file my_file.txt (compact mmCIF, C-alpha atoms)
# COMPACT_ATOMS: atom_id res chain seq x y z
CA MET A 1 -21.21 61.87 0.54
CA PRO A 2 -19.68 61.29 3.99
CA TYR A 3 -17.00 58.83 2.76
CA ARG A 4 -14.43 61.07 1.03
CA ASP A 5 -11.37 60.02 3.05
CA SER A 6 -8.23 58.63 1.36
CA ALA A 7 -9.74 55.16 1.29
CA GLY A 8 -13.12 56.39 0.05
CA VAL A 9 -13.87 53.52 -2.32
CA GLU A 10 -13.02 50.87 0.28
CA ARG A 11 -15.02 52.72 2.92
CA LYS A 12 -18.01 52.97 0.57
CA ARG A 13 -17.89 49.20 -0.08
CA GLU A 14 -17.58 48.53 3.63
CA HIS A 15 -20.59 50.77 4.29
CA GLU A 16 -22.58 48.94 1.61
CA LEU A 17 -21.67 45.60 3.23
CA PHE A 18 -22.74 47.05 6.58
CA LEU A 19 -26.11 48.08 5.13
CA LEU A 20 -26.59 44.70 3.43
CA SER A 21 -25.80 42.83 6.65
CA VAL A 22 -28.06 45.08 8.76
CA TRP A 23 -30.98 44.80 6.32
CA THR A 24 -30.46 41.02 6.22
CA LYS A 25 -30.49 40.86 10.04
CA GLY A 26 -33.65 42.99 10.06
CA LEU A 27 -35.38 40.73 7.56
CA ALA A 28 -34.30 37.68 9.56
CA GLY A 29 -35.67 39.32 12.72
CA LEU A 30 -38.99 39.97 11.03
CA VAL A 31 -39.18 36.37 9.77
CA GLU A 32 -38.27 35.07 13.26
CA THR A 33 -40.96 37.19 14.89
CA ILE A 34 -43.63 36.06 12.42
CA GLY A 35 -42.47 32.45 12.67
CA GLY A 36 -42.61 32.58 16.46
CA LEU A 37 -46.11 34.02 16.41
CA LEU A 38 -47.25 31.36 13.94
CA LEU A 39 -45.68 28.63 16.05
CA LEU A 40 -47.49 29.86 19.15
CA PHE A 41 -50.88 30.31 17.53
CA ILE A 42 -51.12 27.50 14.98
CA PRO A 43 -52.37 24.30 16.63
CA GLN A 44 -50.28 21.14 16.42
CA SER A 45 -52.66 19.60 13.88
CA GLY A 46 -52.20 22.66 11.65
CA LEU A 47 -48.40 22.39 11.86
CA ASN A 48 -48.57 18.69 10.99
CA ALA A 49 -50.82 19.40 7.99
CA PHE A 50 -48.54 22.24 6.81
CA VAL A 51 -45.38 20.12 6.98
CA ILE A 52 -47.12 17.22 5.23
CA PHE A 53 -48.24 19.65 2.51
CA LEU A 54 -44.64 20.91 2.10
CA THR A 55 -42.94 17.52 2.18
CA ALA A 56 -45.45 15.25 0.39
CA PRO A 57 -44.23 15.99 -3.16
CA GLU A 58 -40.62 15.31 -2.20
CA LEU A 59 -41.49 12.13 -0.30
CA ALA A 60 -43.59 10.91 -3.24
CA GLU A 61 -40.47 11.24 -5.39
CA ASP A 62 -38.03 9.92 -2.76
CA PRO A 63 -39.57 8.31 0.35
CA THR A 64 -36.18 8.38 2.12
CA ASP A 65 -35.53 12.12 1.63
CA HIS A 66 -33.60 13.12 4.75
CA VAL A 67 -34.81 16.71 5.01
CA ALA A 68 -38.48 15.90 4.46
CA THR A 69 -38.48 12.99 6.92
CA LEU A 70 -36.57 15.07 9.47
CA LEU A 71 -39.10 17.91 9.21
CA GLN A 72 -42.01 15.52 9.64
CA ARG A 73 -40.36 13.86 12.64
CA ILE A 74 -39.54 17.20 14.31
CA VAL A 75 -43.10 18.49 13.96
CA HIS A 76 -44.62 15.17 15.00
CA GLU A 77 -42.50 15.06 18.18
CA LEU A 78 -42.98 18.74 19.03
CA THR A 79 -44.36 19.11 22.55
CA ALA A 80 -46.47 22.01 23.82
CA ASP A 81 -43.62 23.12 26.10
CA THR A 82 -41.14 23.07 23.23
CA LYS A 83 -43.55 25.05 21.03
CA LEU A 84 -43.92 27.64 23.80
CA PHE A 85 -40.17 27.93 24.34
CA VAL A 86 -39.21 28.06 20.65
CA GLY A 87 -42.06 30.41 19.75
CA SER A 88 -41.22 32.79 22.62
CA TYR A 89 -37.50 32.64 21.84
CA LEU A 90 -38.09 33.45 18.17
CA ILE A 91 -40.40 36.36 19.02
CA ILE A 92 -38.02 37.89 21.58
CA HIS A 93 -34.93 37.33 19.42
CA GLY A 94 -36.71 38.70 16.34
CA ILE A 95 -38.04 41.83 18.07
CA ILE A 96 -34.60 42.60 19.53
CA LYS A 97 -33.07 42.26 16.05
CA VAL A 98 -35.69 44.50 14.45
CA LEU A 99 -35.31 47.21 17.12
CA LEU A 100 -31.53 47.17 16.83
CA VAL A 101 -31.71 47.31 13.04
CA VAL A 102 -34.01 50.34 13.24
CA GLY A 103 -31.47 52.01 15.54
CA LEU A 104 -28.52 51.14 13.29
CA LEU A 105 -30.23 52.31 10.12
CA GLY A 106 -31.25 55.49 11.96
CA ARG A 107 -27.60 55.97 13.00
CA ARG A 108 -28.56 56.10 16.68
CA LEU A 109 -25.30 55.97 18.65
CA TRP A 110 -26.75 53.76 21.40
CA SER A 111 -27.63 51.03 18.90
CA TYR A 112 -24.03 50.29 17.87
CA PRO A 113 -22.66 49.18 21.26
CA VAL A 114 -25.96 47.49 22.19
CA SER A 115 -25.87 45.55 18.90
CA LEU A 116 -22.27 44.54 19.56
CA TRP A 117 -23.17 43.32 23.05
CA PHE A 118 -26.08 41.27 21.75
CA LEU A 119 -23.97 39.81 18.95
CA ALA A 120 -21.23 38.97 21.45
CA ALA A 121 -23.76 37.21 23.68
CA PHE A 122 -25.09 35.17 20.76
CA ILE A 123 -21.56 34.35 19.58
CA VAL A 124 -20.67 33.07 23.04
CA TYR A 125 -23.91 31.05 23.26
CA GLN A 126 -23.48 29.62 19.75
CA THR A 127 -19.90 28.61 20.59
CA TYR A 128 -21.09 26.98 23.81
CA ARG A 129 -23.85 25.10 21.96
CA PHE A 130 -21.34 23.95 19.32
CA PHE A 131 -19.49 21.91 21.93
CA PHE A 132 -22.67 19.91 22.52
CA THR A 133 -24.05 19.67 18.98
CA HIS A 134 -20.92 19.91 16.79
CA SER A 135 -23.18 21.59 14.24
CA LEU A 136 -21.34 23.18 11.34
CA TRP A 137 -24.34 25.53 10.98
CA LEU A 138 -23.45 27.05 14.36
CA ILE A 139 -19.89 27.63 13.19
CA ALA A 140 -21.13 29.26 9.97
CA LEU A 141 -23.59 31.43 11.92
CA THR A 142 -20.87 32.43 14.38
CA VAL A 143 -18.47 33.41 11.58
CA LEU A 144 -21.25 35.43 9.95
CA ASP A 145 -22.06 37.14 13.26
CA LEU A 146 -18.37 37.95 13.77
CA ALA A 147 -18.26 39.58 10.32
CA VAL A 148 -21.42 41.59 11.08
CA ALA A 149 -19.98 42.65 14.45
CA PHE A 150 -16.82 43.84 12.70
CA LEU A 151 -18.86 45.87 10.20
CA ILE A 152 -20.97 47.39 13.00
CA TRP A 153 -17.83 48.30 14.95
CA ARG A 154 -16.24 49.93 11.88
CA GLU A 155 -19.44 51.82 11.09
CA TYR A 156 -19.68 52.99 14.71
CA ARG A 157 -16.16 54.41 14.55
CA GLN A 158 -17.03 56.24 11.33
CA VAL A 159 -20.31 57.64 12.69
CA ARG A 160 -18.61 58.86 15.85
CA LYS A 161 -16.00 60.72 13.75
CA GLN A 162 -18.78 62.58 11.95
CA ILE A 163 -20.39 63.89 15.13

call {"tool": "encode", "arguments": {"input": "my_file.txt", "output": "structure tokens"}}
result
Amino acid sequence: MPYRDSAGVERKREHELFLLSVWTKGLAGLVETIGGLLLLFIPQSGLNAFVIFLTAPELAEDPTDHVATLLQRIVHELTADTKLFVGSYLIIHGIIKVLLVVGLLGRRLWSYPVSLWFLAAFIVYQTYRFFFTHSLWLIALTVLDLAVAFLIWREYRQVRKQI
């Protein structure tokens, strides 16, 4: 095992966290890509029917359910331009994630700094967007991305030592 330094147990846990975070990012990238493709290719009427199917049981129980009514309103007000932008964004973002995850899991040296640059760009953008939206989700996502960036940086240092 490549983690037999004096802090071997801690390093092994850190590596396991790295793998968990990378696999999670890869799964999220795959879901984003599929979601973007579905958004681009499912007609508006199909999206409306799908959201009604998902939210109808909850709205039957509680007609004022905030999440269900929000979802229905978002899909109802979704324009063709917005669908194109969001679908394209999800596809591009998802493919980039999947490619970087493949590189990281394959221990390709180029993938570590490229992943850090992409994470840094998203962290900056999320921080910028926070000042307009004040969304706590953006803060949570940014903190998560900072933790993943730290794990990637630590893993990169370890991989470079082994070469």

call {"tool": "closest_atom_pairs", "arguments": {"input": "my_file.txt", "of": "segment 20-108 of chain A", "to": "segment 131-149 of chain A", "cutoff": "10 Å", "atoms": "only C-alpha atoms", "output": "tab-separated table"}}
result
residue	atom	partner	partner_atom	distance
A:Leu20	CA	A:Val148	CA	9.7
A:Ser21	CA	A:Val148	CA	6.4
A:Val22	CA	A:Val148	CA	7.9
A:Lys25	CA	A:Val148	CA	9.2

call {"tool": "atom_distance", "arguments": {"input": "my_file.txt", "atom1": "atom CA of Lys97 of chain A", "atom2": "atom CA of Gly29 of chain A"}}
result
5.1 Å

call {"tool": "closest_residue", "arguments": {"input": "my_file.txt", "among": "A:Gly36, A:Ser111, A:Glu16, A:Val159", "to": "Phe85 of chain A", "atoms": "all atoms listed in the file"}}
result
A:Gly36

call {"tool": "residues_around", "arguments": {"input": "my_file.txt", "residues": "Arg73 of chain A", "least_positions_apart": "4", "cutoff": "12 Å", "atoms": "all atoms listed in the file", "output": "PyMOL selection string"}}
result
chain A and resi 47-48+51-52+55+66-69+77-79

call {"tool": "residues_near_point", "arguments": {"input": "my_file.txt", "point": "(-36.7, 48.5, 9.4)", "cutoff": "10 Å", "atoms": "only C-alpha atoms", "output": "VMD selection string"}}
result
chain A and resid 22 to 23 25 to 27 29 to 30 97 to 106

call {"tool": "atom_distance", "arguments": {"input": "my_file.txt", "atom1": "atom CA of Leu116 of chain A", "atom2": "atom CA of Tyr156 of chain A"}}
result
10.1 Å

call {"tool": "axis_aligned_box", "arguments": {"input": "my_file.txt", "around": "segment 8-27 of chain A", "padding_each_side": "5 Å", "output": "AutoDock Vina command-line options"}}
result
--center_x -24.2 --center_y 48.6 --center_z 3.9 --size_x 32.4 --size_y 25.7 --size_z 22.4

call {"tool": "atom_distance", "arguments": {"input": "my_file.txt", "atom1": "atom CA of Ile95 of chain A", "atom2": "atom CA of Thr33 of chain A"}}
result
6.3 Å
